[in-house]
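Here's entry.cif, which has mmCIF, C-alpha atoms:
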data_target
#
loop_
_atom_site.label_atom_id
_atom_site.label_comp_id
_atom_site.auth_asym_id
_atom_site.auth_seq_id
_atom_site.Cartn_x
_atom_site.Cartn_y
_atom_site.Cartn_z
CA MET A 268 7.43 -19.86 23.27
CA GLY A 269 4.66 -18.10 25.23
CA GLY A 270 6.64 -14.87 25.00
CA PHE A 271 7.03 -15.27 21.26
CA LEU A 272 3.29 -15.82 20.76
CA SER A 273 2.24 -12.93 23.01
CA MET A 274 4.70 -10.55 21.24
CA GLY A 275 5.05 -8.25 24.24
CA GLY A 276 1.27 -8.13 24.70
CA HIS A 277 0.59 -7.12 21.09
CA GLY A 278 0.22 -10.61 19.63
CA ALA A 279 -3.49 -9.98 19.14
CA TYR A 280 -2.58 -7.39 16.50
CA ILE A 281 0.65 -8.82 15.04
CA TRP A 282 -0.56 -12.37 14.33
CA PRO A 283 -3.75 -11.34 12.49
CA ALA A 284 -1.66 -8.96 10.34
CA TYR A 285 0.62 -11.86 9.34
CA GLY A 286 -2.43 -14.10 9.05
CA ILE A 287 -4.12 -11.90 6.46
CA ALA A 288 -0.89 -11.74 4.43
CA VAL A 289 -0.44 -15.52 4.42
CA ALA A 290 -4.15 -16.22 3.84
CA ALA A 291 -4.64 -13.69 1.01
CA LEU A 292 -1.37 -14.41 -0.82
CA GLY A 293 -1.41 -18.17 -0.17
CA GLY A 294 -5.03 -18.34 -1.30
CA LEU A 295 -4.21 -16.40 -4.46
CA LEU A 296 -1.29 -18.77 -5.16
CA ILE A 297 -3.44 -21.90 -4.76
CA TRP A 298 -6.26 -20.41 -6.85
CA SER A 299 -3.79 -19.46 -9.62
CA LEU A 300 -2.14 -22.89 -9.67
CA ARG A 301 -5.52 -24.65 -9.84
CA ALA A 302 -6.76 -22.38 -12.63
CA ARG A 303 -3.64 -23.11 -14.66
CA ALA A 304 -3.95 -26.87 -14.14
CA LYS A 305 -7.59 -26.73 -15.24
CA VAL A 306 -6.83 -24.75 -18.41
CA GLN A 307 -3.91 -27.03 -19.26
CA ARG A 308 -6.15 -30.10 -18.87
CA GLU A 309 -8.75 -28.63 -21.21
CA LEU A 310 -6.09 -27.69 -23.75
CA GLN A 311 -4.76 -31.23 -23.63
CA ASP A 312 -8.25 -32.70 -24.05
CA ARG A 313 -8.66 -30.72 -27.26
CA GLY A 314 -5.13 -31.33 -28.47
CA LEU A 315 -4.32 -27.62 -28.24
CA ASP A 316 -1.49 -27.74 -25.69
CA ARG A 317 2.04 -26.68 -26.46
CA ARG A 318 3.49 -30.15 -26.92
CA ALA A 319 0.68 -31.25 -29.23
CA ARG A 320 1.23 -28.16 -31.39
CA GLU A 321 4.98 -28.68 -31.49
CA ARG A 322 4.52 -32.28 -32.63
CA ARG A 323 2.38 -31.12 -35.49
CA MET B 497 -9.08 -8.13 -36.84
CA ALA B 498 -7.12 -10.57 -38.95
CA MET B 499 -3.83 -8.73 -38.58
CA PRO B 500 -3.20 -9.09 -34.82
CA SER B 501 -4.00 -12.81 -34.80
CA ILE B 502 -0.64 -13.72 -36.40
CA HIS B 503 1.03 -11.53 -33.83
CA PHE B 504 -1.00 -13.19 -31.11
CA LEU B 505 0.15 -16.68 -31.99
CA ALA B 506 3.78 -15.72 -32.38
CA ASN B 507 4.23 -13.64 -29.28
CA PRO B 508 2.33 -15.64 -26.65
CA ALA B 509 4.06 -18.83 -27.81
CA ARG B 510 7.43 -17.20 -27.21
CA PHE B 511 6.15 -15.97 -23.86
CA GLN B 512 5.07 -19.46 -22.86
CA ARG B 513 8.43 -21.00 -23.72
CA PHE B 514 10.12 -18.31 -21.65
CA SER B 515 7.80 -18.67 -18.64
CA ALA B 516 7.91 -22.48 -18.71
CA ARG B 517 11.69 -22.32 -18.37
CA ILE B 518 11.79 -19.62 -15.67
CA LEU B 519 8.81 -20.53 -13.44
CA PRO B 520 10.34 -23.48 -11.50
CA TRP B 521 13.44 -21.45 -10.61
CA LEU B 522 11.42 -18.37 -9.74
CA GLY B 523 9.11 -20.48 -7.58
CA ALA B 524 12.06 -21.86 -5.62
CA LEU B 525 13.53 -18.37 -5.21
CA THR B 526 10.17 -17.02 -4.02
CA ALA B 527 9.82 -19.78 -1.40
CA LEU B 528 13.39 -19.17 -0.20
CA LEU B 529 12.89 -15.41 0.09
CA TRP B 530 9.60 -15.81 1.97
CA ALA B 531 11.10 -18.33 4.40
CA SER B 532 14.11 -16.16 5.21
CA GLY B 533 12.07 -12.94 5.16
CA LEU B 534 9.49 -14.25 7.65
CA TYR B 535 12.27 -15.70 9.83
CA MET B 536 14.08 -12.36 9.96
CA ALA B 537 10.87 -10.38 10.45
CA LEU B 538 9.53 -12.49 13.32
CA LEU B 539 12.69 -13.70 15.07
CA VAL B 540 15.77 -11.68 14.11
CA ALA B 541 14.56 -8.07 13.90
CA PRO B 542 14.72 -6.19 17.22
CA PRO B 543 11.67 -4.44 18.69
CA ASP B 544 11.38 -0.71 18.00
CA TYR B 545 12.17 1.88 20.70
CA GLN B 546 8.60 3.27 20.53
CA GLN B 547 6.38 0.62 18.96
CA GLY B 548 7.92 -2.41 20.64
CA GLU B 549 7.06 -5.68 18.88
CA THR B 550 4.29 -4.04 16.84
CA VAL B 551 6.98 -2.82 14.43
CA ARG B 552 6.90 -6.34 12.96
CA ILE B 553 3.61 -5.53 11.24
CA MET B 554 5.56 -3.11 9.04
CA PHE B 555 7.40 -6.05 7.41
CA VAL B 556 4.20 -7.35 5.80
CA HIS B 557 2.55 -3.92 5.43
CA VAL B 558 5.13 -1.74 3.66
CA PRO B 559 6.21 -4.18 0.88
CA ALA B 560 2.52 -4.85 0.13
CA ALA B 561 2.02 -1.09 -0.29
CA TRP B 562 5.10 -0.64 -2.52
CA TRP B 563 4.39 -3.50 -4.90
CA SER B 564 0.65 -2.89 -5.10
CA MET B 565 1.51 0.59 -6.39
CA ALA B 566 4.20 -0.73 -8.75
CA ALA B 567 1.77 -3.38 -10.02
CA TYR B 568 -0.73 -0.62 -10.75
CA ALA B 569 1.89 1.29 -12.75
CA LEU B 570 2.44 -1.93 -14.73
CA LEU B 571 -1.33 -2.31 -15.21
CA ALA B 572 -1.52 1.23 -16.62
CA GLY B 573 1.47 0.57 -18.88
CA LEU B 574 -0.24 -2.57 -20.18
CA GLY B 575 -3.41 -0.54 -20.74
CA ALA B 576 -1.45 1.92 -22.88
CA ALA B 577 0.23 -0.96 -24.76
CA LEU B 578 -3.20 -2.36 -25.58
CA LEU B 579 -4.93 0.90 -26.52
CA VAL B 580 -2.07 2.48 -28.47
CA TRP B 581 -0.14 -0.44 -29.94
CA ARG B 582 -2.88 -3.11 -29.74
CA HIS B 583 -0.33 -5.42 -28.17
CA PRO B 584 -2.17 -8.76 -27.82
CA LEU B 585 -0.24 -10.04 -24.82
CA ALA B 586 -0.88 -6.80 -22.87
CA ALA B 587 -4.58 -7.50 -22.33
CA LEU B 588 -3.89 -11.02 -21.08
CA MET B 589 -1.14 -9.87 -18.74
CA ALA B 590 -3.39 -7.09 -17.39
CA ARG B 591 -5.99 -9.73 -16.47
CA ALA B 592 -3.20 -11.62 -14.68
CA VAL B 593 -1.87 -8.58 -12.77
CA ALA B 594 -5.11 -7.07 -11.43
CA PRO B 595 -6.05 -9.77 -8.85
CA VAL B 596 -2.46 -9.87 -7.56
CA GLY B 597 -2.41 -6.09 -7.15
CA ALA B 598 -5.79 -6.22 -5.42
CA ALA B 599 -4.54 -8.86 -2.97
CA TYR B 600 -1.43 -6.80 -2.18
CA ALA B 601 -3.53 -3.65 -1.62
CA LEU B 602 -5.86 -5.63 0.66
CA VAL B 603 -2.93 -6.98 2.71
CA CYS B 604 -1.60 -3.42 3.01
CA LEU B 605 -4.95 -2.03 4.21
CA VAL B 606 -5.78 -4.79 6.70
CA SER B 607 -2.28 -5.13 8.19
CA GLY B 608 -2.14 -1.33 8.49
CA SER B 609 -5.40 -1.40 10.40
CA PHE B 610 -3.97 -3.95 12.85
CA TRP B 611 -1.02 -1.59 13.36
CA GLY B 612 -3.16 1.53 13.70
CA ARG B 613 -5.37 0.14 16.47
CA PRO B 614 -2.61 -0.29 19.11
CA MET B 615 -0.31 2.52 17.86
CA TRP B 616 -2.60 5.38 16.79
CA GLY B 617 -5.58 4.29 18.86
CA THR B 618 -7.89 3.68 15.87
CA TRP B 619 -8.50 1.01 13.22
CA TRP B 620 -9.14 3.55 10.48
CA VAL B 621 -9.15 7.29 9.75
CA TRP B 622 -10.15 9.06 6.56
CA ASP B 623 -6.84 10.85 6.06
CA ALA B 624 -5.44 11.45 2.58
CA ARG B 625 -3.00 8.49 2.65
CA LEU B 626 -5.45 5.85 3.87
CA THR B 627 -8.25 7.08 1.62
CA SER B 628 -6.11 7.13 -1.54
CA MET B 629 -4.82 3.62 -0.74
CA LEU B 630 -8.41 2.40 -0.36
CA LEU B 631 -9.16 3.99 -3.74
CA LEU B 632 -6.30 1.97 -5.26
CA PHE B 633 -7.92 -1.24 -3.95
CA PHE B 634 -11.26 -0.24 -5.51
CA LEU B 635 -9.54 0.62 -8.82
CA TYR B 636 -8.20 -2.95 -8.90
CA LEU B 637 -11.67 -4.35 -8.12
CA GLY B 638 -13.15 -2.14 -10.85
CA HIS B 639 -10.55 -3.41 -13.32
CA ILE B 640 -11.34 -7.03 -12.49
CA ALA B 641 -15.09 -6.41 -12.80
CA LEU B 642 -14.85 -4.39 -16.05
CA SER B 643 -12.61 -6.91 -17.79
CA ARG B 644 -15.23 -9.60 -17.12
CA ALA B 645 -18.31 -7.43 -17.76
CA PHE B 646 -18.68 -8.07 -21.51
CA ASP B 647 -19.44 -11.22 -23.48
CA ASP B 648 -16.79 -10.10 -25.93
CA SER B 649 -13.60 -10.34 -23.83
CA GLU B 650 -11.75 -7.90 -26.09
CA ARG B 651 -14.27 -5.18 -25.27
CA GLY B 652 -13.74 -5.95 -21.58
CA ASP B 653 -9.98 -5.67 -22.09
CA ARG B 654 -10.30 -2.21 -23.61
CA ALA B 655 -12.75 -0.88 -21.00
CA ALA B 656 -10.50 -2.10 -18.19
CA ALA B 657 -7.46 -0.54 -19.91
CA VAL B 658 -9.18 2.86 -19.93
CA LEU B 659 -9.92 2.53 -16.20
CA ALA B 660 -6.31 1.53 -15.49
CA LEU B 661 -5.06 4.66 -17.28
CA VAL B 662 -7.54 7.00 -15.58
CA GLY B 663 -6.62 5.60 -12.16
CA VAL B 664 -2.89 6.14 -12.64
CA VAL B 665 -3.43 9.72 -11.40
CA ASN B 666 -4.01 8.19 -7.95
CA LEU B 667 -0.42 6.87 -7.70
CA PRO B 668 1.32 10.25 -7.08
CA VAL B 669 -1.52 11.17 -4.73
CA ILE B 670 -0.80 8.07 -2.59
CA LYS B 671 2.95 8.63 -2.63
CA PHE B 672 2.92 12.36 -1.84
CA SER B 673 -0.27 12.56 0.27
CA VAL B 674 1.84 12.50 3.45
CA ASP B 675 3.84 15.52 2.22
CA TRP B 676 1.05 17.55 0.61
CA TRP B 677 -1.45 17.43 3.48
CA ASN B 678 -1.40 16.86 7.22
CA THR B 679 -2.15 13.17 7.64
CA LEU B 680 -2.23 10.80 10.58
CA HIS B 681 -0.04 8.44 8.56
CA GLN B 682 3.68 9.05 9.05
CA PRO B 683 5.82 10.34 6.14
CA ALA B 684 8.13 8.12 4.08
CA SER B 685 10.91 6.32 5.99
CA VAL B 686 12.82 4.49 3.28
CA MET B 687 12.17 6.22 -0.05
CA LYS B 688 13.20 9.74 0.82
CA LEU B 689 15.94 11.94 -0.55
CA ASP B 690 18.13 12.19 2.58
CA GLY B 691 18.34 8.42 3.12
CA PRO B 692 16.27 6.01 5.20
CA ALA B 693 15.31 6.83 8.80
CA ILE B 694 15.33 3.15 9.71
CA HIS B 695 18.10 1.42 11.59
CA PRO B 696 19.86 -1.29 9.48
CA SER B 697 18.72 -4.02 11.89
CA ILE B 698 15.11 -3.18 10.97
CA LEU B 699 15.77 -2.08 7.38
CA THR B 700 17.43 -5.37 6.30
CA PRO B 701 14.42 -7.62 7.13
CA LEU B 702 12.18 -5.04 5.44
CA LEU B 703 14.22 -5.20 2.22
CA VAL B 704 14.28 -9.03 2.25
CA MET B 705 10.50 -9.04 2.66
CA ALA B 706 10.24 -6.51 -0.17
CA ALA B 707 12.28 -8.88 -2.38
CA ALA B 708 9.98 -11.76 -1.33
CA TYR B 709 6.86 -9.79 -2.27
CA LEU B 710 8.43 -8.83 -5.62
CA ALA B 711 9.42 -12.41 -6.43
CA LEU B 712 5.88 -13.59 -5.62
CA LEU B 713 4.41 -10.80 -7.77
CA VAL B 714 6.52 -11.77 -10.80
CA PHE B 715 5.88 -15.48 -10.23
CA LEU B 716 2.10 -15.03 -10.01
CA VAL B 717 1.96 -12.67 -12.99
CA LEU B 718 3.90 -15.08 -15.24
CA LEU B 719 1.86 -18.06 -14.08
CA ARG B 720 -1.47 -16.27 -14.47
CA THR B 721 -0.54 -14.78 -17.85
CA GLU B 722 0.22 -18.29 -19.09
CA THR B 723 -3.23 -19.35 -17.83
CA GLU B 724 -4.89 -16.42 -19.62
CA ILE B 725 -3.13 -17.32 -22.88
CA GLY B 726 -4.47 -20.85 -22.62
CA ARG B 727 -7.93 -19.60 -21.72
CA ARG B 728 -8.02 -17.23 -24.71
CA ARG B 729 -6.86 -20.08 -26.96
CA LEU B 730 -9.75 -22.24 -25.71
CA GLU B 731 -12.17 -19.34 -26.34
CA THR B 732 -10.91 -18.87 -29.89
CA ALA B 733 -11.11 -22.61 -30.53
CA ALA B 734 -14.71 -22.67 -29.27
CA LEU B 735 -15.62 -19.74 -31.53
CA THR B 736 -14.05 -21.16 -34.65
CA GLY B 737 -15.48 -24.58 -33.80
CA ARG B 738 -12.18 -26.40 -33.93
CA MET C 532 2.54 3.88 -37.86
CA THR C 533 0.77 7.25 -38.07
CA ARG C 534 -2.39 5.75 -36.55
CA LYS C 535 -0.41 4.42 -33.61
CA ARG C 536 1.31 7.78 -33.21
CA LYS C 537 -2.08 9.49 -33.26
CA ARG C 538 -3.52 7.15 -30.65
CA LEU C 539 -0.47 7.71 -28.45
CA TRP C 540 -0.84 11.51 -28.57
CA LEU C 541 -4.57 11.25 -27.99
CA LEU C 542 -3.93 9.09 -24.93
CA LEU C 543 -1.18 11.33 -23.52
CA GLY C 544 -3.29 14.44 -24.18
CA SER C 545 -6.42 13.17 -22.46
CA LEU C 546 -4.44 11.72 -19.57
CA GLY C 547 -2.61 15.04 -19.12
CA ALA C 548 -5.87 17.01 -19.19
CA PHE C 549 -7.41 14.60 -16.68
CA ALA C 550 -4.40 14.89 -14.37
CA VAL C 551 -4.63 18.70 -14.47
CA ALA C 552 -8.36 18.52 -13.66
CA VAL C 553 -7.75 16.19 -10.71
CA GLY C 554 -4.92 18.44 -9.53
CA LEU C 555 -7.21 21.49 -9.59
CA VAL C 556 -9.92 19.64 -7.68
CA LEU C 557 -7.39 18.57 -5.04
CA VAL C 558 -6.12 22.15 -4.65
CA ALA C 559 -9.70 23.40 -4.34
CA LEU C 560 -10.48 20.74 -1.74
CA ASN C 561 -7.24 21.40 0.13
CA ASP C 562 -9.07 22.48 3.29
CA SER C 563 -11.06 19.28 3.66
CA LEU C 564 -8.12 17.05 2.73
CA VAL C 565 -6.12 18.38 5.66
CA PHE C 566 -6.57 15.87 8.45
CA PHE C 567 -5.73 18.27 11.28
CA TYR C 568 -4.81 21.90 12.02
CA SER C 569 -1.72 23.07 13.91
CA PRO C 570 -1.97 25.39 16.95
CA THR C 571 -0.58 28.21 14.76
CA GLU C 572 -3.40 27.76 12.23
CA ILE C 573 -5.95 27.74 15.08
CA ALA C 574 -4.46 30.95 16.53
CA ALA C 575 -4.50 32.66 13.12
CA LYS C 576 -8.04 31.59 12.23
CA PRO C 577 -10.03 30.51 15.31
CA PRO C 578 -12.77 28.07 14.32
CA PRO C 579 -16.43 28.78 15.24
CA ALA C 580 -17.46 27.42 18.65
CA GLU C 581 -19.07 23.97 18.63
CA LYS C 582 -17.43 23.14 15.29
CA SER C 583 -15.84 19.70 15.39
CA LEU C 584 -12.29 19.64 14.08
CA ARG C 585 -8.92 17.96 14.55
CA ILE C 586 -5.80 19.61 15.89
CA GLY C 587 -2.32 18.13 15.86
CA GLY C 588 1.11 18.82 17.31
CA LEU C 589 3.60 17.64 19.91
CA VAL C 590 2.68 17.09 23.55
CA ALA C 591 4.68 19.79 25.37
CA PRO C 592 7.10 18.21 27.89
CA GLY C 593 6.04 18.73 31.52
CA SER C 594 2.51 19.82 30.61
CA VAL C 595 0.65 16.53 31.17
CA VAL C 596 -1.60 16.69 34.26
CA LYS C 597 -3.98 13.92 35.34
CA SER C 598 -7.05 14.87 37.39
CA ALA C 599 -7.57 13.44 40.87
CA ASP C 600 -9.95 10.74 39.59
CA GLY C 601 -7.37 9.78 36.94
CA LEU C 602 -9.87 10.01 34.09
CA THR C 603 -9.31 13.51 32.74
CA THR C 604 -5.95 14.48 31.30
CA THR C 605 -4.89 18.00 30.34
CA PHE C 606 -1.80 18.79 28.30
CA ASP C 607 -0.39 21.41 25.95
CA VAL C 608 -0.09 20.71 22.23
CA THR C 609 2.62 22.75 20.56
CA ASP C 610 4.06 23.27 17.10
CA THR C 611 6.95 25.17 18.75
CA SER C 612 5.58 28.61 17.79
CA HIS C 613 2.07 28.33 19.27
CA THR C 614 0.57 26.23 22.05
CA LEU C 615 -2.96 25.03 22.68
CA LYS C 616 -4.31 23.59 25.94
CA VAL C 617 -6.18 20.31 25.49
CA SER C 618 -8.46 18.56 27.94
CA TYR C 619 -9.41 14.91 27.37
CA ARG C 620 -11.45 12.38 29.32
CA GLY C 621 -10.76 8.75 28.49
CA GLN C 622 -8.14 6.17 27.60
CA LEU C 623 -4.99 7.48 25.92
CA PRO C 624 -3.24 5.43 23.17
CA ASP C 625 -0.02 3.45 23.86
CA LEU C 626 2.26 5.91 22.14
CA PHE C 627 0.94 8.95 24.06
CA ARG C 628 3.77 10.59 25.98
CA GLU C 629 5.53 13.94 26.37
CA GLY C 630 7.23 14.98 23.15
CA GLN C 631 4.99 12.65 21.10
CA GLY C 632 2.98 13.87 18.10
CA ILE C 633 -0.77 13.53 18.61
CA VAL C 634 -3.97 14.35 16.75
CA ALA C 635 -7.09 15.24 18.78
CA LEU C 636 -10.71 15.48 17.62
CA GLY C 637 -13.00 17.87 19.50
CA THR C 638 -14.18 21.46 19.81
CA LEU C 639 -12.53 24.71 20.86
CA ARG C 640 -14.22 25.98 24.02
CA ALA C 641 -14.90 29.66 24.70
CA ASP C 642 -12.08 29.71 27.31
CA GLY C 643 -9.58 28.71 24.61
CA VAL C 644 -9.17 25.13 25.84
CA PHE C 645 -9.60 22.41 23.22
CA ALA C 646 -12.08 19.83 24.53
CA ALA C 647 -11.04 16.56 22.89
CA ARG C 648 -13.29 13.54 22.64
CA GLU C 649 -10.70 11.41 20.79
CA VAL C 650 -6.91 11.45 20.99
CA LEU C 651 -4.78 9.58 18.44
CA ALA C 652 -1.02 9.16 18.61
CA LYS C 653 0.87 10.16 15.48
CA HIS C 654 3.89 7.98 14.81
CA ASP C 655 7.04 9.48 13.28
CA GLU C 656 9.09 7.97 10.46
CA ASN C 657 11.99 6.78 12.69
CA TYR C 658 12.48 3.08 13.34
CA MET C 659 15.31 1.75 15.54
CA PRO C 660 15.99 -0.67 18.39
CA PRO C 661 15.70 0.75 21.94
CA GLU C 662 19.47 0.44 22.58
CA VAL C 663 20.23 2.63 19.58
CA ALA C 664 17.67 5.24 20.67
CA ASP C 665 19.21 5.29 24.16
CA ALA C 666 22.74 5.60 22.79
CA LEU C 667 21.76 8.48 20.51
CA LYS C 668 20.03 10.27 23.38
CA LYS C 669 22.97 9.72 25.73
CA ALA C 670 25.39 11.08 23.14
CA GLY C 671 23.15 14.15 22.90
CA ARG C 672 22.77 13.63 19.15
CA TRP C 673 19.00 13.26 19.11
CA LYS C 674 15.81 13.95 21.09
CA GLU C 675 12.45 12.20 20.68
CA GLY C 676 10.23 13.93 18.16
CA GLU C 677 13.19 15.16 16.11
CA PRO C 678 14.50 13.77 12.81
CA VAL C 679 17.28 11.24 13.41
CA PRO C 680 20.75 12.45 12.36
CA GLY C 681 21.77 11.03 8.97
CA ASN C 682 23.51 7.84 10.06
CA THR C 683 21.88 5.80 12.81
CA LYS C 684 24.62 3.17 12.94
#
Same coordinates, now as structure tokens:
Amino acid sequence: MGGFLSMGGHGAYIWPAYGIAVAALGGLLIWSLRARAKVQRELQDRGLDRRARERR
Amino acid sequence: MAMPSIHFLANPARFQRFSARILPWLGALTALLWASGLYMALLVAPPDYQQGETVRIMFVHVPAAWWSMAAYALLAGLGAALLVWRHPLAALMARAVAPVGAAYALVCLVSGSFWGRPMWGTWWVWDARLTSMLLLFFLYLGHIALSRAFDDSERGDRAAAVLALVGVVNLPVIKFSVDWWNTLHQPASVMKLDGPAIHPSILTPLLVMAAAYLALLVFLVLLRTETEIGRRRLETAALTGR
Amino acid sequence: MTRKRKRLWLLLGSLGAFAVAVGLVLVALNDSLVFFYSPTEIAAKPPPAEKSLRIGGLVAPGSVVKSADGLTTTFDVTDTSHTLKVSYRGQLPDLFREGQGIVALGTLRADGVFAAREVLAKHDENYMPPEVADALKKAGRWKEGEPVPGNTK
């Protein structure tokens, strides 16, 4: 396990590179999901969501 | 002004039905590809004969570069669709694409820096490849800022579309910078005419990671476009007082 | 229909004109966009003394000499037709070795030696596991710093 984390002595460069990928893309994913949930809630509150329109 | 609104209601509704059906499956596929891609990149791929373990940075760096450029080509195409054909969905999708492209460009730049420090001996150089890639990141930021700069969101859409089209000139510069000028950055390894210069044991994880980045790109763009459609609907409702 | 067609041509026209303009600017700026010069370019057009510039090429095999104190390294940089002697004081990057591509920042001294104050390793486009590299070298099919023969399997 120690060998895997140290990555042949270059862990200090490899892990941050993977870290930025996971942080930036994971953060974007969470932000996008939250924004969609918020918009869907507001649409529902005003009776503008898809299901409400299809019922009409 | 009245004409496109019919179009707007018809097309986005069809889009939403389509994305609602496809998103769960695409989400599962994206998670699967990322899990297997990261597993192969960190545990299966062998070290490189020169770079040792540092070669693993390439698996997050190169796909980010590819798809951030492809996403920009899409952004420019959407800009043309808006300016020429006044396609109503194009503006909303452009708003959805730009932050994803910016994130991919950022991952490319930062992970490349973490590779450059141990391998080249420097975090950053102003060679043609690195500079044009940084410009791509700023074009994305400019697009995001412009599209939000006006009270009238349709004016923001059009201004951002013009920027997207102007910036498309940067794409061939990024791609061919390593061939046109002497750069510190190495030339293309995979996308070259005489076949890849990468051993299959390193190429396979790279391609799986590229598929993972693509799946995430499509997933995020569909999801965010859906959000933008809803947001525009709320805006219109607020304006018409319904 | 005709208005859309007109907008399309207007867009393509202005984009084309803009691309040509950018292309011309890039050609005009060619000199400053080049990150480094090769020994052949230095030999053909020696730069003024004290001017800071970058040179690049391969470290000539057998030319690397470390000074007694171990801090100063001298080596030849070659592009196979011309060679330039480089002297550098400091820590060399991981990838620095004979046959490796490097880029050095510094000035050309009056005695024709390039005094570098920064040396960067230039990586090539080949990626393979060490066993494969060894096998290719043993079979005499490939040497470091050369393009890998078509199939690396």
query: Can you list, as number ranges by chain, the residues that the PyMOL selection byres ((chain B) within 9 of (chain A)) selects here?
result: B: 509, 512-513, 538-539, 548-553, 556-557, 560, 595-596, 599-600, 602-604, 606-611, 613-614, 712, 716, 719-720, 722-724, 726-727, 729-730, 733, 738
Where's the centre, and what are the edge lengths in Å to one decimal, of a box along x, y and z enclosing all listed atoms of segment 663-677 of chain C padded 4 Å per side, as lines of an AutoDock Vina configuration file?
center_x = 17.8
center_y = 8.9
center_z = 20.9
size_x = 23.2
size_y = 20.5
size_z = 17.6
- prompt: Applied to the shown file, which residues does the PyMOL selection byres ((chain C) within 8 of (chain B)) return, written as a ChimeraX atom specification?
  reply: /C:535-536,538-539,542,546,549-550,553,561,564-568,623-626,634,650-662,664,679,681,683-684
task: Kindly provide, as a list in words, the polymer residues lying within 7 Å of (-8.4, 21.5, 17.6), counting all atoms listed in the file and using the coordinates exactly as they appear in the file.
output: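 Checking each residue against the 7 Å limit leaves Tyr568, Leu584, Arg585, Ile586, Ala635, Leu636, Gly637, Thr638, Leu639 and Phe645 of chain C.
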Test item: the PyMOL selection byres ((chain B and resi 565) around 12) resolved as a PyMOL selection string: chain B and resi 558-564+566-572+593-594+596-602+604+628-633+635-636+663-671+710+713
query: What is the atom CA of Arg728 of chain B to atom CA of Leu585 of chain B distance in Å?
result: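 Separating atom CA of Arg728 of chain B from atom CA of Leu585 of chain B is a distance of 10.6 Å.
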